[in-house]
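Asks: This is the content of start-v4.cif (mmCIF, C-alpha atoms):
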data_run
loop_
_atom_site.label_atom_id
_atom_site.label_comp_id
_atom_site.auth_asym_id
_atom_site.auth_seq_id
_atom_site.Cartn_x
_atom_site.Cartn_y
_atom_site.Cartn_z
CA MET P 230 28.69 -58.82 -66.04
CA LYS P 231 26.53 -56.54 -63.94
CA VAL P 232 24.24 -57.10 -60.96
CA ASP P 233 20.54 -56.90 -61.78
CA VAL P 234 18.39 -55.65 -58.91
CA LEU P 235 14.85 -56.63 -57.93
CA LEU P 236 13.08 -54.62 -55.26
CA GLY P 237 9.72 -53.42 -53.98
CA LEU P 238 8.33 -50.03 -54.98
CA GLN P 239 5.65 -49.63 -52.30
CA TRP P 240 5.58 -50.38 -48.55
CA GLY P 241 6.75 -53.98 -48.87
CA ASP P 242 4.71 -57.16 -49.39
CA GLU P 243 4.65 -56.56 -53.17
CA GLY P 244 5.42 -60.15 -54.15
CA LYS P 245 9.18 -59.96 -54.65
CA GLY P 246 9.76 -63.57 -53.62
CA LYS P 247 7.56 -64.93 -56.38
CA ILE P 248 9.26 -62.92 -59.13
CA VAL P 249 12.74 -63.81 -57.86
CA ASP P 250 11.69 -67.46 -58.02
CA VAL P 251 10.33 -67.00 -61.55
CA LEU P 252 13.49 -65.22 -62.76
CA THR P 253 16.05 -67.37 -60.91
CA PRO P 254 16.64 -69.80 -63.85
CA GLU P 255 18.17 -66.84 -65.70
CA TYR P 256 20.82 -66.31 -62.98
CA ASP P 257 23.73 -68.11 -61.37
CA TYR P 258 23.50 -66.29 -58.02
CA ILE P 259 20.71 -64.71 -55.96
CA ALA P 260 21.92 -62.30 -53.27
CA ARG P 261 19.99 -60.62 -50.44
CA PHE P 262 21.48 -57.18 -49.74
CA GLN P 263 19.59 -55.74 -46.74
CA GLY P 264 16.93 -56.32 -44.11
CA GLY P 265 16.52 -59.35 -41.92
CA PRO P 266 13.84 -61.68 -40.57
CA ASN P 267 11.32 -58.83 -40.75
CA ALA P 268 11.06 -59.84 -44.42
CA GLY P 269 8.47 -62.39 -45.49
CA HIS P 270 8.87 -63.55 -49.09
CA THR P 271 6.10 -65.98 -50.06
CA LEU P 272 6.55 -68.53 -52.84
CA GLU P 273 4.00 -71.04 -54.13
CA PHE P 274 4.54 -73.91 -56.58
CA ASP P 275 3.56 -77.59 -56.91
CA GLN P 276 0.67 -77.00 -54.47
CA LYS P 277 3.14 -76.00 -51.74
CA LYS P 278 3.61 -72.66 -50.01
CA PHE P 279 6.86 -71.39 -48.46
CA VAL P 280 7.64 -68.18 -46.58
CA LEU P 281 11.29 -67.10 -46.48
CA HIS P 282 12.55 -64.53 -43.97
CA THR P 283 16.33 -64.43 -44.35
CA ILE P 284 17.22 -66.89 -47.10
CA PRO P 285 17.20 -65.61 -50.72
CA SER P 286 14.24 -66.73 -52.83
CA GLY P 287 16.42 -68.65 -55.29
CA ILE P 288 16.96 -71.46 -52.79
CA PHE P 289 14.41 -73.77 -54.47
CA ARG P 290 16.17 -73.86 -57.85
CA ASP P 291 18.94 -76.24 -58.86
CA ASN P 292 22.36 -74.94 -59.93
CA VAL P 293 21.87 -71.56 -58.24
CA LEU P 294 23.88 -70.29 -55.27
CA ASN P 295 22.26 -67.96 -52.74
CA VAL P 296 24.25 -65.30 -50.91
CA ILE P 297 23.25 -63.50 -47.72
CA GLY P 298 25.13 -60.22 -48.13
CA ASN P 299 26.84 -57.96 -45.63
CA GLY P 300 23.87 -55.58 -45.49
CA VAL P 301 21.60 -58.25 -44.02
CA VAL P 302 21.06 -58.75 -40.28
CA ILE P 303 20.65 -62.37 -39.16
CA ASP P 304 18.85 -63.92 -36.20
CA PRO P 305 20.47 -67.37 -35.77
CA VAL P 306 17.32 -68.76 -34.10
CA VAL P 307 15.00 -67.73 -36.93
CA LEU P 308 17.55 -68.82 -39.52
CA LYS P 309 17.98 -72.30 -38.03
CA ILE P 310 14.21 -72.88 -37.98
CA GLU P 311 13.90 -71.64 -41.56
CA ILE P 312 16.70 -73.87 -42.83
CA GLU P 313 15.45 -76.95 -40.98
CA LYS P 314 12.01 -76.56 -42.56
CA LEU P 315 13.61 -76.46 -46.01
CA ILE P 316 15.84 -79.46 -45.32
CA ALA P 317 12.77 -81.38 -44.13
CA VAL P 318 11.23 -81.08 -47.61
CA GLY P 319 14.42 -82.09 -49.39
CA ILE P 320 16.05 -78.74 -50.20
CA PRO P 321 19.88 -79.10 -50.04
CA VAL P 322 20.35 -75.77 -48.29
CA LYS P 323 23.95 -76.33 -47.21
CA GLU P 324 25.05 -76.74 -50.82
CA ARG P 325 23.13 -73.67 -52.00
CA LEU P 326 23.67 -71.04 -49.28
CA ILE P 327 26.62 -68.73 -48.56
CA PHE P 328 26.97 -66.14 -45.75
CA SER P 329 28.89 -62.90 -45.72
CA LYS P 330 31.35 -62.51 -42.84
CA LYS P 331 30.29 -58.88 -42.56
CA ALA P 332 26.56 -59.52 -42.05
CA HIS P 333 25.52 -58.48 -38.53
CA LEU P 334 23.95 -60.75 -35.92
CA ILE P 335 20.70 -60.07 -34.09
CA LEU P 336 21.21 -60.92 -30.41
CA PRO P 337 18.41 -61.93 -28.02
CA SER P 338 19.01 -58.66 -26.20
CA HIS P 339 18.40 -56.76 -29.47
CA ARG P 340 14.90 -58.25 -29.58
CA LEU P 341 14.31 -57.21 -25.96
CA LEU P 342 15.49 -53.67 -26.71
CA ASP P 343 13.13 -53.56 -29.70
CA ALA P 344 10.15 -54.63 -27.57
CA ALA P 345 11.01 -52.25 -24.72
CA SER P 346 11.46 -49.29 -27.05
CA GLU P 347 8.23 -49.92 -28.96
CA THR P 348 6.26 -50.35 -25.73
CA ALA P 349 7.66 -47.09 -24.36
CA LYS P 350 6.46 -45.18 -27.46
CA GLY P 351 2.83 -45.93 -26.63
CA LYS P 352 0.49 -44.47 -29.24
CA ASN P 353 3.47 -43.12 -31.18
CA LYS P 354 4.88 -46.59 -31.95
CA ILE P 355 6.17 -47.07 -35.49
CA GLY P 356 4.80 -50.58 -36.01
CA SER P 357 8.04 -52.52 -35.53
CA THR P 358 7.97 -56.26 -36.24
CA LEU P 359 9.83 -56.64 -32.89
CA LYS P 360 12.49 -58.80 -34.54
CA GLY P 361 15.39 -56.74 -33.16
CA ILE P 362 16.18 -55.22 -36.56
CA GLY P 363 16.39 -51.58 -35.47
CA PRO P 364 18.62 -52.11 -32.42
CA THR P 365 20.94 -54.33 -34.49
CA TYR P 366 21.40 -51.66 -37.15
CA MET P 367 21.90 -49.09 -34.35
CA ASP P 368 24.76 -51.18 -32.97
CA LYS P 369 26.12 -51.53 -36.50
CA THR P 370 26.28 -47.76 -37.03
CA GLY P 371 27.40 -47.29 -33.43
CA ARG P 372 30.33 -49.64 -34.15
CA ASN P 373 29.38 -52.09 -31.43
CA GLY P 374 27.85 -54.89 -33.49
CA LEU P 375 28.69 -58.57 -33.73
CA ARG P 376 29.20 -59.96 -37.24
CA VAL P 377 29.01 -63.43 -38.72
CA GLY P 378 32.78 -63.50 -39.11
CA ASP P 379 33.14 -63.03 -35.35
CA ILE P 380 31.66 -66.49 -34.70
CA LEU P 381 34.83 -67.95 -36.22
CA GLU P 382 37.12 -66.00 -33.85
CA PRO P 383 38.39 -67.30 -30.46
CA ASP P 384 37.16 -64.21 -28.59
CA PHE P 385 33.58 -64.44 -29.89
CA LYS P 386 32.03 -65.23 -26.49
CA ALA P 387 33.85 -62.30 -24.85
CA LYS P 388 32.55 -59.94 -27.54
CA TYR P 389 29.04 -61.32 -27.09
CA ASP P 390 29.13 -60.91 -23.30
CA ALA P 391 30.38 -57.32 -23.55
CA LEU P 392 27.60 -56.31 -25.93
CA VAL P 393 24.91 -58.04 -23.86
CA GLU P 394 26.15 -56.28 -20.73
CA LYS P 395 25.69 -52.96 -22.50
CA HIS P 396 22.16 -53.93 -23.59
CA VAL P 397 21.11 -55.04 -20.11
CA GLY P 398 22.25 -51.70 -18.76
CA ILE P 399 20.00 -49.93 -21.27
CA LEU P 400 17.03 -52.22 -20.56
CA LYS P 401 17.14 -51.32 -16.87
CA HIS P 402 16.12 -47.77 -17.82
CA PHE P 403 12.76 -48.97 -19.20
CA GLU P 404 10.58 -48.81 -16.10
CA GLY P 405 8.31 -51.80 -15.65
CA PHE P 406 9.81 -53.81 -18.53
CA GLU P 407 10.50 -57.33 -17.33
CA PHE P 408 12.63 -59.85 -19.18
CA ASP P 409 14.47 -63.15 -18.83
CA LEU P 410 17.49 -63.13 -21.11
CA SER P 411 18.79 -66.53 -20.00
CA GLU P 412 15.92 -68.49 -21.56
CA LEU P 413 16.60 -66.83 -24.93
CA GLU P 414 20.34 -67.41 -24.99
CA GLY P 415 20.31 -71.23 -25.23
CA PRO P 416 18.49 -71.42 -28.59
CA TRP P 417 20.56 -68.48 -29.86
CA MET P 418 23.87 -70.22 -29.12
CA GLU P 419 22.52 -73.37 -30.79
CA GLY P 420 21.80 -71.23 -33.84
CA ILE P 421 25.39 -69.96 -33.82
CA GLU P 422 26.73 -73.53 -33.78
CA PHE P 423 24.38 -74.37 -36.63
CA MET P 424 25.65 -71.43 -38.72
CA ARG P 425 29.26 -72.59 -38.34
CA GLN P 426 28.44 -75.57 -40.60
CA PHE P 427 27.85 -73.32 -43.60
CA THR P 428 30.12 -71.57 -46.10
CA ILE P 429 31.12 -68.15 -44.74
CA VAL P 430 33.01 -65.84 -47.10
CA ASP P 431 34.26 -62.31 -47.70
CA SER P 432 31.22 -61.70 -49.86
CA GLU P 433 32.39 -58.45 -51.46
CA HIS P 434 35.40 -60.26 -52.93
CA TYR P 435 33.27 -63.28 -53.74
CA ILE P 436 30.57 -61.35 -55.64
CA ASN P 437 33.04 -59.26 -57.63
CA LYS P 438 35.04 -62.35 -58.66
CA VAL P 439 31.79 -64.01 -59.73
CA LEU P 440 30.91 -61.02 -61.91
CA LYS P 441 34.41 -60.87 -63.38
CA SER P 442 34.15 -64.53 -64.35
CA GLY P 443 30.99 -63.82 -66.37
CA LYS P 444 28.43 -65.23 -63.94
CA SER P 445 25.05 -63.54 -63.52
CA VAL P 446 23.77 -62.14 -60.20
CA LEU P 447 20.30 -60.98 -59.15
CA ALA P 448 20.19 -58.83 -56.00
CA GLU P 449 17.00 -59.38 -53.99
CA GLY P 450 15.66 -56.53 -51.88
CA ALA P 451 13.43 -56.83 -48.81
CA GLN P 452 10.66 -54.52 -47.55
CA GLY P 453 9.90 -51.69 -50.01
CA THR P 454 11.12 -48.31 -51.23
CA MET P 455 8.71 -46.37 -49.04
CA LEU P 456 10.28 -48.01 -45.98
CA ASP P 457 13.79 -46.84 -46.90
CA ILE P 458 15.56 -45.15 -43.98
CA ASP P 459 16.42 -42.09 -46.11
CA PHE P 460 13.68 -41.85 -48.74
CA GLY P 461 10.71 -43.59 -47.15
CA THR P 462 7.86 -42.15 -45.08
CA TYR P 463 10.16 -41.27 -42.19
CA PRO P 464 10.02 -41.99 -39.25
CA PHE P 465 7.69 -44.87 -40.14
CA VAL P 466 10.42 -46.77 -41.98
CA THR P 467 12.78 -49.70 -41.56
CA SER P 468 16.43 -49.37 -40.53
CA SER P 469 18.17 -50.08 -43.84
CA ASN P 470 18.41 -48.76 -47.38
CA THR P 471 15.80 -50.73 -49.31
CA ILE P 472 16.56 -48.99 -52.62
CA THR P 473 18.95 -49.75 -55.49
CA ALA P 474 21.77 -47.84 -53.79
CA GLY P 475 21.51 -50.34 -50.91
CA THR P 476 22.71 -53.02 -53.32
CA CYS P 477 26.10 -51.30 -53.56
CA THR P 478 26.57 -51.02 -49.80
CA GLY P 479 24.83 -54.30 -49.00
CA LEU P 480 26.87 -56.46 -51.37
CA GLY P 481 30.03 -54.45 -51.95
CA VAL P 482 29.56 -53.73 -55.65
CA ALA P 483 30.26 -50.43 -57.40
CA PRO P 484 27.42 -48.28 -58.83
CA THR P 485 28.85 -48.95 -62.30
CA LYS P 486 28.14 -52.66 -61.75
CA ILE P 487 24.35 -52.20 -61.53
CA GLY P 488 22.45 -53.51 -64.56
CA LYS P 489 18.68 -53.86 -64.86
CA VAL P 490 16.48 -52.62 -62.02
CA ILE P 491 13.22 -54.54 -61.77
CA GLY P 492 10.56 -52.78 -59.70
CA ILE P 493 7.73 -54.83 -58.19
CA PHE P 494 4.36 -53.29 -57.32
CA LYS P 495 0.85 -54.46 -56.57
CA ALA P 496 -2.07 -53.44 -58.79
CA TYR P 497 -3.25 -51.65 -55.64
CA CYS P 498 -1.47 -50.53 -52.43
CA THR P 499 -0.99 -52.05 -48.98
CA ARG P 500 0.86 -51.11 -45.84
CA VAL P 501 1.47 -52.87 -42.51
CA GLY P 502 1.81 -50.93 -39.27
CA SER P 503 1.71 -47.21 -38.63
CA GLY P 504 2.57 -44.38 -40.98
CA PRO P 505 1.07 -42.26 -43.77
CA PHE P 506 -0.82 -43.94 -46.60
CA PRO P 507 -2.47 -41.39 -48.98
CA THR P 508 -4.82 -43.77 -50.82
CA GLU P 509 -5.84 -45.91 -47.84
CA LEU P 510 -9.47 -47.08 -47.92
CA LEU P 511 -11.10 -47.23 -44.50
CA ASP P 512 -14.37 -48.58 -45.88
CA GLU P 513 -15.92 -51.74 -47.28
CA VAL P 514 -13.84 -51.40 -50.48
CA GLY P 515 -10.60 -51.53 -48.50
CA GLU P 516 -11.89 -54.51 -46.55
CA LYS P 517 -12.91 -56.25 -49.79
CA ILE P 518 -9.38 -55.84 -51.17
CA ARG P 519 -7.95 -57.16 -47.89
CA GLN P 520 -10.12 -60.27 -47.92
CA GLU P 521 -9.75 -60.99 -51.66
CA GLY P 522 -5.99 -60.49 -51.51
CA ARG P 523 -5.54 -62.30 -48.18
CA GLU P 524 -3.67 -59.23 -47.05
CA PHE P 525 -2.24 -60.34 -43.75
CA GLY P 526 1.47 -60.06 -42.96
CA SER P 527 3.48 -63.20 -43.82
CA THR P 528 5.89 -62.39 -40.97
CA THR P 529 3.60 -60.84 -38.34
CA GLY P 530 0.12 -61.98 -39.38
CA ARG P 531 -1.15 -58.42 -38.93
CA PRO P 532 -3.92 -57.25 -41.26
CA ARG P 533 -2.55 -54.99 -43.98
CA ARG P 534 -4.06 -51.59 -44.68
CA CYS P 535 -5.34 -51.45 -48.27
CA GLY P 536 -5.96 -48.74 -50.88
CA TRP P 537 -5.96 -47.89 -54.57
CA ILE P 538 -2.78 -47.64 -56.62
CA ASP P 539 -0.81 -44.42 -56.09
CA ILE P 540 0.96 -42.98 -59.16
CA PRO P 541 2.82 -40.07 -57.43
CA GLN P 542 4.24 -42.58 -54.94
CA LEU P 543 5.23 -45.05 -57.67
CA LYS P 544 6.82 -42.34 -59.84
CA TYR P 545 8.88 -41.28 -56.83
CA ALA P 546 10.01 -44.86 -56.19
CA ILE P 547 10.88 -45.39 -59.87
CA MET P 548 12.95 -42.19 -59.86
CA ILE P 549 14.85 -43.04 -56.67
CA ASN P 550 15.67 -46.56 -57.86
CA GLY P 551 16.35 -45.97 -61.56
CA VAL P 552 13.80 -48.67 -62.44
CA THR P 553 14.15 -50.06 -65.96
CA GLU P 554 11.20 -52.48 -65.98
CA LEU P 555 8.16 -53.27 -63.85
CA SER P 556 6.30 -56.33 -62.60
CA MET P 557 2.66 -55.83 -61.58
CA MET P 558 1.42 -58.24 -58.94
CA LYS P 559 -2.02 -59.40 -57.81
CA ALA P 560 -3.97 -58.21 -60.84
CA ASP P 561 -6.37 -61.08 -60.11
CA ILE P 562 -7.45 -59.50 -56.81
CA LEU P 563 -9.04 -56.53 -58.59
CA SER P 564 -11.22 -58.86 -60.69
CA VAL P 565 -14.11 -58.32 -58.24
CA PHE P 566 -14.48 -54.62 -59.12
CA ASP P 567 -16.52 -53.09 -61.95
CA THR P 568 -14.58 -49.83 -61.56
CA ILE P 569 -10.97 -49.40 -60.48
CA ARG P 570 -9.50 -46.12 -59.24
CA ILE P 571 -6.03 -44.77 -59.98
CA CYS P 572 -4.60 -41.91 -57.91
CA THR P 573 -2.89 -39.70 -60.50
CA HIS P 574 -2.17 -36.60 -58.38
CA TYR P 575 -2.32 -35.24 -54.84
CA ASN P 576 -4.08 -32.13 -53.59
CA VAL P 577 -1.62 -30.95 -50.94
CA ASN P 578 -3.09 -28.04 -48.99
CA GLY P 579 -4.75 -26.76 -52.17
CA ASN P 580 -1.80 -27.39 -54.51
CA ILE P 581 -2.18 -30.07 -57.20
CA THR P 582 0.99 -32.13 -57.67
CA ASP P 583 2.23 -35.49 -58.86
CA GLU P 584 5.37 -35.26 -56.72
CA PHE P 585 5.71 -37.10 -53.43
CA PRO P 586 6.07 -34.47 -50.66
CA PHE P 587 8.71 -34.23 -47.95
CA SER P 588 6.58 -34.09 -44.82
CA ILE P 589 3.78 -36.45 -45.77
CA CYS P 590 3.08 -37.18 -42.10
CA ASP P 591 2.18 -33.59 -41.31
CA GLN P 592 0.29 -32.41 -44.40
CA SER P 593 -3.28 -32.80 -45.54
CA ILE P 594 -3.14 -34.93 -48.69
CA GLU P 595 -6.22 -35.60 -50.81
CA PRO P 596 -5.77 -38.15 -53.60
CA ILE P 597 -7.13 -37.18 -57.02
CA TYR P 598 -8.50 -40.23 -58.82
CA LYS P 599 -9.09 -41.35 -62.37
CA ASP P 600 -11.71 -44.10 -62.72
CA VAL P 601 -11.21 -46.92 -65.23
CA SER P 602 -13.25 -49.98 -66.16
CA GLY P 603 -12.44 -53.20 -64.33
CA TRP P 604 -12.09 -56.54 -66.11
CA ASN P 605 -14.53 -58.17 -63.69
CA CYS P 606 -13.54 -61.74 -64.63
CA ASP P 607 -11.29 -64.49 -63.30
CA LEU P 608 -7.66 -64.12 -64.41
CA THR P 609 -6.14 -67.04 -62.54
CA GLU P 610 -6.43 -69.53 -65.41
CA LEU P 611 -4.75 -67.28 -67.98
CA ASN P 612 -1.59 -68.69 -69.52
CA SER P 613 -0.88 -65.92 -72.03
CA TYR P 614 -1.03 -62.14 -71.87
CA ASP P 615 -2.43 -62.18 -75.40
CA ASN P 616 -5.59 -63.79 -74.01
CA ALA P 617 -6.02 -61.26 -71.20
CA PRO P 618 -9.22 -59.16 -71.19
CA LYS P 619 -8.91 -55.83 -72.96
CA GLU P 620 -9.71 -53.93 -69.74
CA LEU P 621 -6.65 -55.43 -68.04
CA LYS P 622 -4.48 -54.55 -71.04
CA GLN P 623 -5.89 -51.00 -70.96
CA TYR P 624 -5.06 -50.76 -67.24
CA VAL P 625 -1.50 -51.92 -67.90
CA SER P 626 -1.09 -49.53 -70.85
CA LEU P 627 -2.38 -46.59 -68.81
CA LEU P 628 0.03 -47.35 -65.97
CA GLU P 629 2.91 -47.61 -68.45
CA GLU P 630 1.94 -44.22 -69.87
CA LEU P 631 1.75 -42.62 -66.42
CA LEU P 632 4.92 -44.26 -65.07
CA GLU P 633 6.97 -44.13 -68.30
CA VAL P 634 8.45 -47.59 -67.66
CA PRO P 635 7.41 -50.86 -69.37
CA ILE P 636 5.49 -53.48 -67.39
CA THR P 637 7.07 -56.76 -68.47
CA ILE P 638 5.36 -59.15 -66.05
CA VAL P 639 1.73 -59.34 -64.86
CA SER P 640 1.01 -61.77 -62.04
CA VAL P 641 -2.48 -63.31 -61.95
CA GLY P 642 -2.11 -65.65 -58.96
CA PRO P 643 0.32 -66.75 -56.25
CA ASP P 644 1.76 -69.78 -58.05
CA ARG P 645 4.92 -69.40 -60.13
CA SER P 646 2.92 -70.68 -63.13
CA GLN P 647 0.40 -67.81 -62.84
CA THR P 648 2.79 -65.32 -64.41
CA LEU P 649 2.16 -63.54 -67.70
CA ILE P 650 4.97 -62.09 -69.81
CA THR P 651 3.78 -59.03 -71.76
CA LYS P 652 4.72 -58.12 -75.34
CA HIS P 653 7.80 -56.30 -74.01
#
Can you give me the file's structure in the form of structure tokens?
Replies:
Amino acid sequence: MKVDVLLGLQWGDEGKGKIVDVLTPEYDYIARFQGGPNAGHTLEFDQKKFVLHTIPSGIFRDNVLNVIGNGVVIDPVVLKIEIEKLIAVGIPVKERLIFSKKAHLILPSHRLLDAASETAKGKNKIGSTLKGIGPTYMDKTGRNGLRVGDILEPDFKAKYDALVEKHVGILKHFEGFEFDLSELEGPWMEGIEFMRQFTIVDSEHYINKVLKSGKSVLAEGAQGTMLDIDFGTYPFVTSSNTITAGTCTGLGVAPTKIGKVIGIFKAYCTRVGSGPFPTELLDEVGEKIRQEGREFGSTTGRPRRCGWIDIPQLKYAIMINGVTELSMMKADILSVFDTIRICTHYNVNGNITDEFPFSICDQSIEPIYKDVSGWNCDLTELNSYDNAPKELKQYVSLLEELLEVPITIVSVGPDRSQTLITKH
């Protein structure tokens, strides 16, 4: 068996959690391979809404095990709260969740470093979620980090104290930044004790044995391709590899073990925080999309920047990830428009191109649009793609032609039932 991969093709918030939930019955295991509590995967079903930050989105389904892979960074405080909320509504989390020993831990002092660093940047801040993600990955690459497996070792507290001492020394260099680490440490240590109750494994061995035995695995990405540390809109990116290649390093599987790659994108574009956004709409149209789509961050609550769909950006993401099929989300949000715009090319300093440029932050980019007819009707009650309005089908067909990848799922609402499977 091979690992199928599901990931976001834009700047995150594409709706990955919903599609993982929809597809989970086809799989035995769902595995998160990167990111941390900066993720916010929203799922809705049975008139209930859940937002997951660290736990894989397959947690609500019976007979499915969920793995938090080595590429993930974990805040024990956030994790404990998240798990307790699920247990409170009857989800048997302990029986369905497995941790990798090699996943790194976010310390309270990582969160303080994140806040101090972002404050010091002033107007040049990157829009961090202030969850301590960046400093944790910095300690990981700097070979100083604490891992989940360390909580099982007798010298765990000594390792923790040594790393915190280093962080406090760094924090003293941020003039005017005040903090009280002691009030953060109590809940964090409680979270560590809580984590010790769960199954903790060498996940690379675990996943490969699962595949060898014929079990199916879906790898769940967080954030989006354009936030990838290498291929995103640097420096306005996250601290991990959000692309298909991150599955290999974040779960410990070989490139030859990658199967289908399912790319998720919205029928328009959004972005949270700072950074370039070629098709951003700073007018009443952008605000209309924001309000119709309830485009506010599920993790931070910040209003998302909104714009029309961007084909050069999507083609780039499809190329980088080796996408084999697409899921288009939030088609219902565009129902309020008579005309919908598609950015097919960029005018970059007078040159027309459909390739995503290197230094997008420093160049003048003018989107070139193609206008198409909107469907201008409610899609949320649809239960079959065959019954969809012809304008929606034309929009889907045009995107397939431009992107050269089939769109197999069209989402027409937040609930798992509001999911249309196309003829593919």
Asks: Write out as a PyMOL selection string each polymer residue whose atoms come within 10 Å of stretch 577-589 of chain P, counting only C-alpha atoms; drop sequence neighbours fewer than 6 positions from it.
Replies: chain P and resi 460-463+504-507+539-546+595-597
Asks: Can you write just those residues out, C-alpha atoms, as a PDB file, keeping the file's coordinate frame?
Replies:
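Result went into again.pdb, see below:
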ATOM      1  CA  PHE P 460      13.680 -41.850 -48.740  1.00  0.00           C
ATOM      2  CA  GLY P 461      10.710 -43.590 -47.150  1.00  0.00           C
ATOM      3  CA  THR P 462       7.860 -42.150 -45.080  1.00  0.00           C
ATOM      4  CA  TYR P 463      10.160 -41.270 -42.190  1.00  0.00           C
ATOM      5  CA  GLY P 504       2.570 -44.380 -40.980  1.00  0.00           C
ATOM      6  CA  PRO P 505       1.070 -42.260 -43.770  1.00  0.00           C
ATOM      7  CA  PHE P 506      -0.820 -43.940 -46.600  1.00  0.00           C
ATOM      8  CA  PRO P 507      -2.470 -41.390 -48.980  1.00  0.00           C
ATOM      9  CA  ASP P 539      -0.810 -44.420 -56.090  1.00  0.00           C
ATOM     10  CA  ILE P 540       0.960 -42.980 -59.160  1.00  0.00           C
ATOM     11  CA  PRO P 541       2.820 -40.070 -57.430  1.00  0.00           C
ATOM     12  CA  GLN P 542       4.240 -42.580 -54.940  1.00  0.00           C
ATOM     13  CA  LEU P 543       5.230 -45.050 -57.670  1.00  0.00           C
ATOM     14  CA  LYS P 544       6.820 -42.340 -59.840  1.00  0.00           C
ATOM     15  CA  TYR P 545       8.880 -41.280 -56.830  1.00  0.00           C
ATOM     16  CA  ALA P 546      10.010 -44.860 -56.190  1.00  0.00           C
ATOM     17  CA  GLU P 595      -6.220 -35.600 -50.810  1.00  0.00           C
ATOM     18  CA  PRO P 596      -5.770 -38.150 -53.600  1.00  0.00           C
ATOM     19  CA  ILE P 597      -7.130 -37.180 -57.020  1.00  0.00           C
TER      20      ILE P 597
END
Asks: Counting all atoms listed in the file, figure out which residue out of P:Phe274, P:Phe427, P:Phe525, P:Phe328 gets nearest to P:Ser646.
Replies: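 Going through P:Phe274, P:Phe427, P:Phe525, P:Phe328 one by one, the smallest distance to P:Ser646 is for P:Phe274.
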Asks: Using all atoms listed in the file, which residues sit within 6 Å of P:Glu273 once same-chain residues fewer than 2 positions away are excluded, as a PDB file with C-alpha atoms, in the coordinates of the input?
Replies:
ATOM      1  CA  LYS P 277       3.140 -76.000 -51.740  1.00  0.00           C
ATOM      2  CA  LYS P 278       3.610 -72.660 -50.010  1.00  0.00           C
ATOM      3  CA  ASP P 644       1.760 -69.780 -58.050  1.00  0.00           C
TER       4      ASP P 644
END
Asks: For P:Thr365, which residue out of P:Gly300, P:Gly479, P:Pro416, P:Gly398 is the nearest one, using all atoms listed in the file?
Replies: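 With all atoms listed in the file as the atom set, the closest residue is P:Gly300.
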Asks: For the file shown, what are the residues hit by the PyMOL selection byres ((chain P and resi 292-297) around 8), laid out as a ChimeraX atom specification?
Replies: /P:253-254,256-262,283-285,287-288,290-291,298-299,301,324-329,332,432
Asks: If I take atom CA of P:Val625 and atom CA of P:Glu610, how far is one from the other in Å, to one decimal?
Replies: 18.5 Å
Asks: Which residues match the PyMOL selection byres ((chain P and resi 230) around 10) in the file above, as an MDAnalysis selection string?
Replies: chainID P and resid 231:233 437 439:446 486:488
Asks: Skipping near chain neighbours, those fewer than 3 positions away, what residues fall within 12 Å of P:Val641 using all atoms listed in the file, listed as a ChimeraX atom specification?
Replies: /P:244,247,495-496,522,556-564,606-614,617,621,638,644-650
Asks: Could you check which of P:Phe494, P:Val306, P:Leu375, P:Ala391 is closest to P:Phe423, using all atoms listed in the file?
Replies: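 Ranking P:Phe494, P:Val306, P:Leu375, P:Ala391 by distance to P:Phe423, first place goes to P:Val306.
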Asks: Suppose you want the space between atom CA of P:Ile547 and atom CA of P:Gly241; what is it in Å?
Replies: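 Value for the atom CA of P:Ile547-atom CA of P:Gly241 distance: 14.6 Å.
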Asks: Measuring between all atoms listed in the file, which one of P:Ser468, P:Thr499, P:Thr553, P:Asn605 shows the shortest distance to P:Pro635?
Replies: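 Answer, going by the shortest atom-to-atom distance: P:Thr553.
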Asks: So, counting all atoms listed in the file, which residue among P:Lys652, P:Arg519, P:His270, P:Arg372 is closest to P:Gly450?
Replies: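 Using all atoms listed in the file, P:Gly450 sits closest to P:His270.
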Asks: Around the point (26.4, -64.3, -39.2), in the coordinates given by the file, pick out the residues reaching within 6 Å, counting all atoms listed in the file, and return them as a PDB file with C-alpha atoms, in the coordinates of the input.
Replies:
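The new file point_31.pdb reads:
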ATOM      1  CA  ALA P 332      26.560 -59.520 -42.050  1.00  0.00           C
ATOM      2  CA  HIS P 333      25.520 -58.480 -38.530  1.00  0.00           C
ATOM      3  CA  LEU P 334      23.950 -60.750 -35.920  1.00  0.00           C
ATOM      4  CA  ARG P 376      29.200 -59.960 -37.240  1.00  0.00           C
ATOM      5  CA  VAL P 377      29.010 -63.430 -38.720  1.00  0.00           C
TER       6      VAL P 377
END
Asks: Could you expand the PyMOL selection byres ((chain P and resi 396) around 10) into the explicit residues it covers here, written as JSON, numbers by chain?
Replies: {"P": [336, 337, 338, 339, 341, 342, 364, 390, 391, 392, 393, 394, 395, 397, 398, 399, 400, 401]}
Asks: Tell me, in Å to one decimal, how far atom CA of P:Leu410 is from atom CA of P:Arg531.
Replies: 26.2 Å
Asks: Using only C-alpha atoms, pick whichever of P:Ile518, P:Leu235, P:Leu281, P:Val490 has the shortest atom-to-atom distance to P:Leu308.
Replies: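 Looking only at the distances to P:Leu308, the closest residue turns out to be P:Leu281.
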Asks: As lines of an AutoDock Vina configuration file, please report the centre and edge lengths, rounded to one decimal in Å, of the axis-aligned box that holds all listed atoms of stretch 557-575 of chain P with 4 Å of padding on each of the six sides.
Replies:
center_x = -6.9
center_y = -48.2
center_z = -58.4
size_x = 27.2
size_y = 33.8
size_z = 15.1
